[in-house]
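Participant: Below are the structure tokens for one structure; questions will follow.
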Amino acid sequence: MTSFRFKPEERLKGKRLIRRLFEEGSSKGMYPLRFVWVHTPDRFGTAPVRVAFGVSRRNFRSAVKRNTLKRRMREAWRLHKHQLYEALEALDGQIALMVIYTGKEEKGFDEIEKTVRRAIRKLPGLWLANH
């Protein structure tokens, strides 16, 4: 049975890896989200992808709104990540991924989920083509 949990080893942490992600990583924008990723040769834990979520303070001054948007992105990721994991089973190493909310207005869960599903269909092709 597929686990829909968002486990601690799936979370992207660590200043060095996040800095490397933005210095060396590739990105793809799919409104209202931007996906930034980098392939790492080492694997920490069992997950093929480690992910973090961010919302700009410039666009959303209220912490409540930023946290709400991050919660919606995490939930959409949690529900659909298994499709991505199946596509990346044979991947050596790990993908570090940052999902950034770039929209100027607050979108509902349905629209965020739709974008995450579309990204999960398209991104493995981009990742595997580069490595």
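Residue numbering restarts at 1 for every chain of the structure tokens, chains are lettered A, B, ... in their displayed order, and ligands are numbered from 1 as they appear.
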If you run DSSP over the backbone, which residues in chain A end up helix (DSSP H, G or I)? Put them as a VMD selection string.

Facilitator: chain A and resid 8 to 10 15 to 24 63 to 87 109 to 130

Participant: List the neighbours of Ala76 in chain A out to 10 Å using only C-alpha atoms; skip same-chain residues closer than 2 positions along the sequence, and give me the result as JSON, numbers by chain.

Facilitator: {"A": [70, 71, 72, 73, 74, 78, 79, 80, 81, 109, 110, 111, 112, 113, 114, 115, 116, 117]}

Participant: Residues at most 8 Å from Lys104 in chain A, counting only C-alpha atoms, excluding those fewer than 2 positions away in the same chain, as a list of chain:residue names?

Facilitator: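 Once the adjacent positions are removed, what remains is A:Asn59, A:Phe60, A:Thr102, A:Glu106.
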
Participant: Grab the residues selected above and save them as a CSV table (one decimal), in the first residue's frame with N, CA and C atoms.

Facilitator:
chain,number,residue,atom,x,y,z
A,59,ASN,N,5.3,39.4,-1.2
A,59,ASN,CA,4.0,39.3,-1.8
A,59,ASN,C,2.9,39.1,-0.8
A,60,PHE,N,3.2,38.4,0.4
A,60,PHE,CA,2.2,38.1,1.4
A,60,PHE,C,2.8,38.5,2.7
A,102,THR,N,4.9,31.8,-6.5
A,102,THR,CA,5.2,33.1,-7.1
A,102,THR,C,4.0,33.9,-7.4
A,106,GLU,N,-3.7,35.1,-3.5
A,106,GLU,CA,-3.8,33.8,-2.9
A,106,GLU,C,-4.7,32.9,-3.7

Participant: Write out as a VMD selection string which residues come within 10 Å of Gly45 in chain A when counting only C-alpha atoms, dropping same-chain ones fewer than 5 positions away.

Facilitator: chain A and resid 8 to 10 50 94

Participant: Grab the residues selected above and save them as a CSV table (one decimal), in the first residue's frame with C-alpha atoms.

Facilitator:
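The new file result.csv reads:
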chain,number,residue,atom,x,y,z
A,8,PRO,CA,11.0,13.8,7.9
A,9,GLU,CA,13.5,12.3,5.5
A,10,GLU,CA,11.5,13.7,2.6
A,50,ARG,CA,13.7,16.0,-0.7
A,94,GLN,CA,18.6,12.2,-4.9

Participant: For Gly108 in chain A, which of A:Met30, A:Leu69, A:Ala47, A:Leu17 is the closest residue, counting only C-alpha atoms?

Facilitator: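 Between A:Met30, A:Leu69, A:Ala47, A:Leu17, the residue approaching Gly108 in chain A most closely is A:Leu69.
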
Participant: CA of Arg20 in chain A to CA of Lys122 in chain A: how many Å, to one decimal?

Facilitator: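 These two atoms are separated by 22.8 Å.
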
Participant: For CA of Tyr101 in chain A and CA of Ser56 in chain A, determine how far apart the two atoms are, in Å to one decimal place.

Facilitator: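 Atom-to-atom, CA of Tyr101 in chain A and CA of Ser56 in chain A are spaced 7.1 Å apart.
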
Participant: Here is a test: counting only C-alpha atoms, which residue of A:Arg19, A:Phe53, A:Lys65, A:Arg43 is nearest to Leu97 in chain A?

Facilitator: A:Phe53

Participant: Got a sec to tell me which of chain A DSSP assigns to strand (DSSP E), as a PyMOL selection string?

Facilitator: chain A and resi 26-30+33-40+49-55+94-101

Participant: Tell me, in Å to one decimal, how far CA of Val36 in chain A is from CA of Trp77 in chain A.

Facilitator: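 A separation of 14.6 Å between them.
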
Participant: Which of these residues is nearest to Ser26 in chain A, using only C-alpha atoms: A:His82, A:Arg58, A:Arg121, A:His39?

Facilitator: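 Between A:His82, A:Arg58, A:Arg121, A:His39, the residue approaching Ser26 in chain A most closely is A:His39.
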
Participant: Considering only C-alpha atoms, state which residue in the set A:Ile18, A:Val49, A:Val64, A:Val38 is at the smallest distance from Glu89 in chain A.

Facilitator: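 Of the candidates, the smallest distance to Glu89 in chain A is held by A:Val49.
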